[in-house]
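The next block is input_7.json, given as JSON, N, CA and C atoms.
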```json
[["chain", "number", "residue", "atom", "x", "y", "z"],
["A", 1, "MET", "N", -13.03, 31.00, 18.89],
["A", 1, "MET", "CA", -13.66, 32.25, 19.24],
["A", 1, "MET", "C", -14.33, 32.82, 18.01],
["A", 2, "SER", "N", -15.61, 33.06, 18.13],
["A", 2, "SER", "CA", -16.33, 33.66, 17.01],
["A", 2, "SER", "C", -16.86, 35.03, 17.42],
["A", 3, "THR", "N", -16.87, 35.91, 16.47],
["A", 3, "THR", "CA", -17.40, 37.24, 16.75],
["A", 3, "THR", "C", -18.79, 37.32, 16.15],
["A", 4, "ALA", "N", -19.77, 37.45, 17.00],
["A", 4, "ALA", "CA", -21.15, 37.51, 16.54],
["A", 4, "ALA", "C", -21.52, 38.94, 16.21],
["A", 5, "LYS", "N", -22.26, 39.12, 15.14],
["A", 5, "LYS", "CA", -22.70, 40.45, 14.76],
["A", 5, "LYS", "C", -23.69, 41.01, 15.77],
["A", 6, "SER", "N", -24.34, 40.13, 16.51],
["A", 6, "SER", "CA", -25.31, 40.59, 17.50],
["A", 6, "SER", "C", -24.64, 41.27, 18.69],
["A", 7, "ALA", "N", -23.32, 41.17, 18.80],
["A", 7, "ALA", "CA", -22.61, 41.81, 19.90],
["A", 7, "ALA", "C", -22.57, 43.33, 19.71],
["A", 8, "TYR", "N", -22.83, 43.81, 18.52],
["A", 8, "TYR", "CA", -22.82, 45.24, 18.25],
["A", 8, "TYR", "C", -24.07, 45.87, 18.85],
["A", 9, "VAL", "N", -23.91, 47.00, 19.51],
["A", 9, "VAL", "CA", -25.04, 47.68, 20.13],
["A", 9, "VAL", "C", -25.22, 49.06, 19.51],
["A", 10, "ILE", "N", -26.40, 49.61, 19.68],
["A", 10, "ILE", "CA", -26.69, 50.94, 19.19],
["A", 10, "ILE", "C", -25.92, 51.94, 20.05],
["A", 11, "PRO", "N", -25.15, 52.83, 19.43],
["A", 11, "PRO", "CA", -24.41, 53.83, 20.22],
["A", 11, "PRO", "C", -25.35, 54.71, 21.03],
["A", 12, "ARG", "N", -24.96, 55.04, 22.23],
["A", 12, "ARG", "CA", -25.77, 55.87, 23.12],
["A", 12, "ARG", "C", -24.95, 57.07, 23.59],
["A", 13, "GLY", "N", -25.63, 58.07, 24.08],
["A", 13, "GLY", "CA", -24.97, 59.25, 24.60],
["A", 13, "GLY", "C", -25.65, 60.50, 24.09],
["A", 14, "PHE", "N", -25.16, 61.64, 24.54],
["A", 14, "PHE", "CA", -25.80, 62.92, 24.24],
["A", 14, "PHE", "C", -26.02, 63.14, 22.74],
["A", 15, "TRP", "N", -24.98, 63.26, 21.97],
["A", 15, "TRP", "CA", -25.14, 63.54, 20.54],
["A", 15, "TRP", "C", -25.63, 62.34, 19.76],
["A", 16, "PHE", "N", -25.37, 61.13, 20.25],
["A", 16, "PHE", "CA", -25.84, 59.93, 19.56],
["A", 16, "PHE", "C", -27.36, 59.83, 19.56],
["A", 17, "GLU", "N", -28.02, 60.57, 20.45],
["A", 17, "GLU", "CA", -29.49, 60.58, 20.45],
["A", 17, "GLU", "C", -30.03, 61.44, 19.31],
["A", 18, "TRP", "N", -29.19, 62.27, 18.72],
["A", 18, "TRP", "CA", -29.64, 63.17, 17.65],
["A", 18, "TRP", "C", -29.11, 62.79, 16.28],
["A", 19, "VAL", "N", -27.85, 62.39, 16.20],
["A", 19, "VAL", "CA", -27.24, 62.08, 14.90],
["A", 19, "VAL", "C", -26.55, 60.72, 14.97],
["A", 20, "ALA", "N", -26.41, 60.10, 13.80],
["A", 20, "ALA", "CA", -25.80, 58.78, 13.74],
["A", 20, "ALA", "C", -24.29, 58.84, 13.96],
["A", 21, "CYS", "N", -23.66, 59.91, 13.50],
["A", 21, "CYS", "CA", -22.20, 60.01, 13.57],
["A", 21, "CYS", "C", -21.76, 61.35, 14.13],
["A", 22, "PRO", "N", -21.88, 61.55, 15.44],
["A", 22, "PRO", "CA", -21.49, 62.84, 16.01],
["A", 22, "PRO", "C", -20.00, 63.12, 15.90],
["A", 23, "ASN", "N", -19.19, 62.08, 15.79],
["A", 23, "ASN", "CA", -17.76, 62.30, 15.64],
["A", 23, "ASN", "C", -17.47, 63.00, 14.31],
["A", 24, "TYR", "N", -18.18, 62.63, 13.25],
["A", 24, "TYR", "CA", -18.00, 63.30, 11.95],
["A", 24, "TYR", "C", -18.54, 64.73, 12.02],
["A", 25, "THR", "N", -19.65, 64.92, 12.72],
["A", 25, "THR", "CA", -20.22, 66.26, 12.86],
["A", 25, "THR", "C", -19.21, 67.18, 13.54],
["A", 26, "ALA", "N", -18.61, 66.72, 14.62],
["A", 26, "ALA", "CA", -17.63, 67.53, 15.35],
["A", 26, "ALA", "C", -16.39, 67.79, 14.50],
["A", 27, "GLU", "N", -15.97, 66.80, 13.74],
["A", 27, "GLU", "CA", -14.79, 66.99, 12.89],
["A", 27, "GLU", "C", -15.06, 68.01, 11.79],
["A", 28, "ILE", "N", -16.23, 67.94, 11.19],
["A", 28, "ILE", "CA", -16.59, 68.91, 10.15],
["A", 28, "ILE", "C", -16.64, 70.31, 10.73],
["A", 29, "PHE", "N", -17.24, 70.48, 11.90],
["A", 29, "PHE", "CA", -17.26, 71.80, 12.55],
["A", 29, "PHE", "C", -15.84, 72.29, 12.84],
["A", 30, "GLY", "N", -14.98, 71.39, 13.26],
["A", 30, "GLY", "CA", -13.59, 71.76, 13.52],
["A", 30, "GLY", "C", -12.89, 72.26, 12.26],
["A", 31, "TRP", "N", -13.09, 71.54, 11.16],
["A", 31, "TRP", "CA", -12.47, 71.97, 9.90],
["A", 31, "TRP", "C", -13.10, 73.26, 9.38],
["A", 32, "LEU", "N", -14.38, 73.47, 9.64],
["A", 32, "LEU", "CA", -15.00, 74.75, 9.26],
["A", 32, "LEU", "C", -14.37, 75.90, 10.03],
["A", 33, "LEU", "N", -14.16, 75.70, 11.32],
["A", 33, "LEU", "CA", -13.51, 76.73, 12.12],
["A", 33, "LEU", "C", -12.08, 76.99, 11.64],
["A", 34, "PHE", "N", -11.38, 75.94, 11.28],
["A", 34, "PHE", "CA", -10.02, 76.08, 10.75],
["A", 34, "PHE", "C", -10.05, 76.88, 9.45],
["A", 35, "THR", "N", -11.02, 76.58, 8.59],
["A", 35, "THR", "CA", -11.15, 77.30, 7.32],
["A", 35, "THR", "C", -11.42, 78.78, 7.55],
["A", 36, "VAL", "N", -12.31, 79.07, 8.48],
["A", 36, "VAL", "CA", -12.62, 80.47, 8.79],
["A", 36, "VAL", "C", -11.39, 81.16, 9.37],
["A", 37, "ALA", "N", -10.65, 80.48, 10.21],
["A", 37, "ALA", "CA", -9.47, 81.07, 10.84],
["A", 37, "ALA", "C", -8.36, 81.35, 9.82],
["A", 38, "THR", "N", -8.14, 80.42, 8.90],
["A", 38, "THR", "CA", -7.05, 80.60, 7.94],
["A", 38, "THR", "C", -7.48, 81.39, 6.71],
["A", 39, "GLN", "N", -8.74, 81.33, 6.37],
["A", 39, "GLN", "CA", -9.28, 82.02, 5.21],
["A", 39, "GLN", "C", -8.50, 81.72, 3.93],
["A", 40, "THR", "N", -8.23, 80.42, 3.72],
["A", 40, "THR", "CA", -7.53, 80.01, 2.50],
["A", 40, "THR", "C", -8.42, 79.09, 1.68],
["A", 41, "ALA", "N", -8.23, 79.15, 0.38],
["A", 41, "ALA", "CA", -9.00, 78.30, -0.53],
["A", 41, "ALA", "C", -8.65, 76.83, -0.32],
["A", 42, "ALA", "N", -7.39, 76.56, -0.03],
["A", 42, "ALA", "CA", -6.96, 75.17, 0.19],
["A", 42, "ALA", "C", -7.68, 74.56, 1.40],
["A", 43, "ALA", "N", -7.80, 75.32, 2.47],
["A", 43, "ALA", "CA", -8.50, 74.83, 3.65],
["A", 43, "ALA", "C", -9.98, 74.62, 3.35],
["A", 44, "GLY", "N", -10.56, 75.52, 2.59],
["A", 44, "GLY", "CA", -11.97, 75.38, 2.20],
["A", 44, "GLY", "C", -12.20, 74.15, 1.35],
["A", 45, "LEU", "N", -11.31, 73.93, 0.38],
["A", 45, "LEU", "CA", -11.43, 72.75, -0.48],
["A", 45, "LEU", "C", -11.27, 71.47, 0.33],
["A", 46, "PHE", "N", -10.27, 71.46, 1.22],
["A", 46, "PHE", "CA", -10.06, 70.30, 2.08],
["A", 46, "PHE", "C", -11.29, 70.02, 2.92],
["A", 47, "THR", "N", -11.89, 71.06, 3.48],
["A", 47, "THR", "CA", -13.08, 70.92, 4.31],
["A", 47, "THR", "C", -14.24, 70.35, 3.49],
["A", 48, "LEU", "N", -14.45, 70.87, 2.29],
["A", 48, "LEU", "CA", -15.54, 70.38, 1.44],
["A", 48, "LEU", "C", -15.35, 68.92, 1.06],
["A", 49, "VAL", "N", -14.16, 68.57, 0.63],
["A", 49, "VAL", "CA", -13.89, 67.18, 0.24],
["A", 49, "VAL", "C", -14.01, 66.25, 1.44],
["A", 50, "GLY", "N", -13.43, 66.66, 2.57],
["A", 50, "GLY", "CA", -13.51, 65.84, 3.78],
["A", 50, "GLY", "C", -14.94, 65.67, 4.27],
["A", 51, "ALA", "N", -15.71, 66.75, 4.24],
["A", 51, "ALA", "CA", -17.11, 66.68, 4.68],
["A", 51, "ALA", "C", -17.91, 65.77, 3.74],
["A", 52, "GLY", "N", -17.63, 65.84, 2.46],
["A", 52, "GLY", "CA", -18.31, 64.96, 1.52],
["A", 52, "GLY", "C", -18.04, 63.50, 1.79],
["A", 53, "GLN", "N", -16.76, 63.18, 2.04],
["A", 53, "GLN", "CA", -16.40, 61.79, 2.33],
["A", 53, "GLN", "C", -17.02, 61.33, 3.65],
["A", 54, "MET", "N", -17.01, 62.18, 4.66],
["A", 54, "MET", "CA", -17.60, 61.81, 5.95],
["A", 54, "MET", "C", -19.10, 61.64, 5.83],
["A", 55, "PHE", "N", -19.73, 62.41, 4.95],
["A", 55, "PHE", "CA", -21.17, 62.25, 4.72],
["A", 55, "PHE", "C", -21.46, 60.87, 4.11],
["A", 56, "VAL", "N", -20.64, 60.44, 3.17],
["A", 56, "VAL", "CA", -20.80, 59.11, 2.57],
["A", 56, "VAL", "C", -20.66, 58.03, 3.64],
["A", 57, "TRP", "N", -19.63, 58.14, 4.49],
["A", 57, "TRP", "CA", -19.43, 57.16, 5.56],
["A", 57, "TRP", "C", -20.59, 57.17, 6.54],
["A", 58, "ALA", "N", -21.07, 58.36, 6.89],
["A", 58, "ALA", "CA", -22.18, 58.48, 7.84],
["A", 58, "ALA", "C", -23.46, 57.88, 7.27],
["A", 59, "MET", "N", -23.71, 58.09, 5.99],
["A", 59, "MET", "CA", -24.90, 57.49, 5.36],
["A", 59, "MET", "C", -24.81, 55.96, 5.40],
["A", 60, "ALA", "N", -23.62, 55.42, 5.16],
["A", 60, "ALA", "CA", -23.45, 53.97, 5.20],
["A", 60, "ALA", "C", -23.67, 53.43, 6.61],
["A", 61, "LYS", "N", -23.15, 54.12, 7.62],
["A", 61, "LYS", "CA", -23.34, 53.67, 9.01],
["A", 61, "LYS", "C", -24.81, 53.76, 9.40],
["A", 62, "HIS", "N", -25.46, 54.85, 9.03],
["A", 62, "HIS", "CA", -26.87, 55.04, 9.34],
["A", 62, "HIS", "C", -27.71, 53.93, 8.71],
["A", 63, "SER", "N", -27.42, 53.63, 7.46],
["A", 63, "SER", "CA", -28.13, 52.56, 6.76],
["A", 63, "SER", "C", -27.90, 51.21, 7.42],
["A", 64, "ARG", "N", -26.65, 50.95, 7.81],
["A", 64, "ARG", "CA", -26.32, 49.68, 8.46],
["A", 64, "ARG", "C", -27.04, 49.54, 9.79],
["A", 65, "LEU", "N", -27.08, 50.61, 10.59],
["A", 65, "LEU", "CA", -27.78, 50.56, 11.87],
["A", 65, "LEU", "C", -29.28, 50.32, 11.68],
["A", 66, "ARG", "N", -29.86, 50.96, 10.69],
["A", 66, "ARG", "CA", -31.30, 50.76, 10.43],
["A", 66, "ARG", "C", -31.58, 49.33, 9.99],
["A", 67, "ARG", "N", -30.65, 48.75, 9.24],
["A", 67, "ARG", "CA", -30.82, 47.38, 8.77],
["A", 67, "ARG", "C", -30.61, 46.37, 9.91],
["A", 68, "LEU", "N", -29.59, 46.60, 10.75],
["A", 68, "LEU", "CA", -29.30, 45.67, 11.84],
["A", 68, "LEU", "C", -30.34, 45.72, 12.95],
["A", 69, "PHE", "N", -30.80, 46.90, 13.28],
["A", 69, "PHE", "CA", -31.72, 47.08, 14.40],
["A", 69, "PHE", "C", -33.08, 47.50, 13.88],
["A", 70, "ASN", "N", -33.76, 46.53, 13.28],
["A", 70, "ASN", "CA", -35.05, 46.80, 12.64],
["A", 70, "ASN", "C", -36.25, 46.50, 13.53],
["A", 71, "GLY", "N", -36.03, 46.08, 14.76],
["A", 71, "GLY", "CA", -37.12, 45.78, 15.67],
["A", 71, "GLY", "C", -37.70, 44.39, 15.49],
["A", 72, "LYS", "N", -37.15, 43.59, 14.60],
["A", 72, "LYS", "CA", -37.65, 42.24, 14.35],
["A", 72, "LYS", "C", -36.75, 41.22, 15.06],
["A", 73, "ASP", "N", -37.29, 40.05, 15.29],
["A", 73, "ASP", "CA", -36.56, 38.95, 15.93],
["A", 73, "ASP", "C", -35.97, 39.34, 17.28],
["A", 74, "GLY", "N", -36.67, 40.15, 18.03],
["A", 74, "GLY", "CA", -36.22, 40.54, 19.35],
["A", 74, "GLY", "C", -35.14, 41.61, 19.36],
["A", 75, "LYS", "N", -34.80, 42.14, 18.20],
["A", 75, "LYS", "CA", -33.79, 43.19, 18.14],
["A", 75, "LYS", "C", -34.39, 44.52, 18.54],
["A", 76, "GLU", "N", -33.56, 45.35, 19.07],
["A", 76, "GLU", "CA", -33.98, 46.70, 19.43],
["A", 76, "GLU", "C", -34.24, 47.50, 18.15],
["A", 77, "LEU", "N", -35.14, 48.44, 18.22],
["A", 77, "LEU", "CA", -35.45, 49.28, 17.07],
["A", 77, "LEU", "C", -34.57, 50.52, 17.06],
["A", 78, "TYR", "N", -33.87, 50.71, 15.97],
["A", 78, "TYR", "CA", -33.05, 51.92, 15.79],
["A", 78, "TYR", "C", -33.97, 53.02, 15.32],
["A", 79, "ARG", "N", -34.22, 53.98, 16.21],
["A", 79, "ARG", "CA", -35.15, 55.03, 15.85],
["A", 79, "ARG", "C", -34.51, 55.97, 14.84],
["A", 80, "VAL", "N", -35.34, 56.53, 14.00],
["A", 80, "VAL", "CA", -34.84, 57.38, 12.94],
["A", 80, "VAL", "C", -34.16, 58.61, 13.52],
["A", 81, "ARG", "N", -32.95, 58.84, 13.10],
["A", 81, "ARG", "CA", -32.18, 59.98, 13.55],
["A", 81, "ARG", "C", -31.63, 60.70, 12.31],
["A", 82, "TYR", "N", -31.06, 61.82, 12.55],
["A", 82, "TYR", "CA", -30.39, 62.53, 11.46],
["A", 82, "TYR", "C", -29.01, 61.89, 11.25],
["A", 83, "VAL", "N", -28.45, 62.09, 10.09],
["A", 83, "VAL", "CA", -27.17, 61.50, 9.80],
["A", 83, "VAL", "C", -26.02, 62.34, 10.34],
["A", 84, "LEU", "N", -25.98, 63.63, 10.00],
["A", 84, "LEU", "CA", -24.89, 64.49, 10.46],
["A", 84, "LEU", "C", -25.33, 65.73, 11.21],
["A", 85, "LEU", "N", -26.36, 66.40, 10.73],
["A", 85, "LEU", "CA", -26.79, 67.65, 11.34],
["A", 85, "LEU", "C", -28.23, 67.55, 11.79],
["A", 86, "PRO", "N", -28.50, 67.74, 13.08],
["A", 86, "PRO", "CA", -29.89, 67.66, 13.55],
["A", 86, "PRO", "C", -30.77, 68.69, 12.84],
["A", 87, "GLY", "N", -31.88, 68.22, 12.32],
["A", 87, "GLY", "CA", -32.81, 69.08, 11.64],
["A", 87, "GLY", "C", -32.51, 69.35, 10.19],
["A", 88, "VAL", "N", -31.34, 68.91, 9.71],
["A", 88, "VAL", "CA", -30.95, 69.20, 8.32],
["A", 88, "VAL", "C", -30.78, 67.90, 7.53],
["A", 89, "VAL", "N", -29.82, 67.11, 7.93],
["A", 89, "VAL", "CA", -29.49, 65.88, 7.19],
["A", 89, "VAL", "C", -29.60, 64.70, 8.12]]
```

Show me the file's structure as structure tokens.
Amino acid sequence: MSTAKSAYVIPRGFWFEWVACPNYTAEIFGWLLFTVATQTAAAGLFTLVGAGQMFVWAMAKHSRLRRLFNGKDGKELYRVRYVLLPGVV
């Protein structure tokens, strides 16, 4: 049994049409709400560090999708999307 890289498909769905990693976007918003609710420096620092790490992961996924689905050799074209926030990043 071999796992072919071509078995991977472009994610689809509501938020996937706008950003590459909507799960990270939702998680960052959740931690922002937690920070606002608790109003502690520790929560703010955790949110900043976590958001930074998720941004790095999202950039890597976005880059990988653009490289895998370049529209060549019969592959589907991965249209340019935002990484985490529509209209911003």

Computed interatomic separation between atom CA of A:Phe46 and atom C of A:Trp31 (Å): 8.4 Å

Which of chain A fall in helix (DSSP H, G or I), as a VMD selection string: chain A and resid 5 to 7 15 to 17 22 to 38 41 to 68

Contacts of A:Phe16 within 12 Å, only C-alpha atoms, excl. fewer than 2 positions in-chain, as a ChimeraX atom specification: /A:10-14,18-26,62,78-86

A:Ala51 environment, 8 Å, all atoms listed in the file, sequence neighbours closer than 5 positions dropped, as a ChimeraX atom specification: /A:24,27-28,45-46,56-57

All strand (DSSP E or B) positions in chain A, as a compact mmCIF listing (two decimals) with N, CA and C atoms, keeping the file's coordinate frame:
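File written: states.txt
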```txt
# COMPACT_ATOMS: atom_id res chain seq x y z
N VAL A 19 -27.85 62.39 16.20
CA VAL A 19 -27.24 62.08 14.90
C VAL A 19 -26.55 60.72 14.97
N ASN A 70 -33.76 46.53 13.28
CA ASN A 70 -35.05 46.80 12.64
C ASN A 70 -36.25 46.50 13.53
N LEU A 77 -35.14 48.44 18.22
CA LEU A 77 -35.45 49.28 17.07
C LEU A 77 -34.57 50.52 17.06
N TYR A 82 -31.06 61.82 12.55
CA TYR A 82 -30.39 62.53 11.46
C TYR A 82 -29.01 61.89 11.25
```

Å distance separating atom C of A:Leu77 from atom N of A:Ala7, one decimal place: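 Going from atom C of A:Leu77 over to atom N of A:Ala7, I get 14.7 Å.
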
Point-to-point distance in Å for atom CA of A:Val9 and atom CA of A:Gly71: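 For atom CA of A:Gly71 relative to atom CA of A:Val9, the distance reads 13.0 Å.
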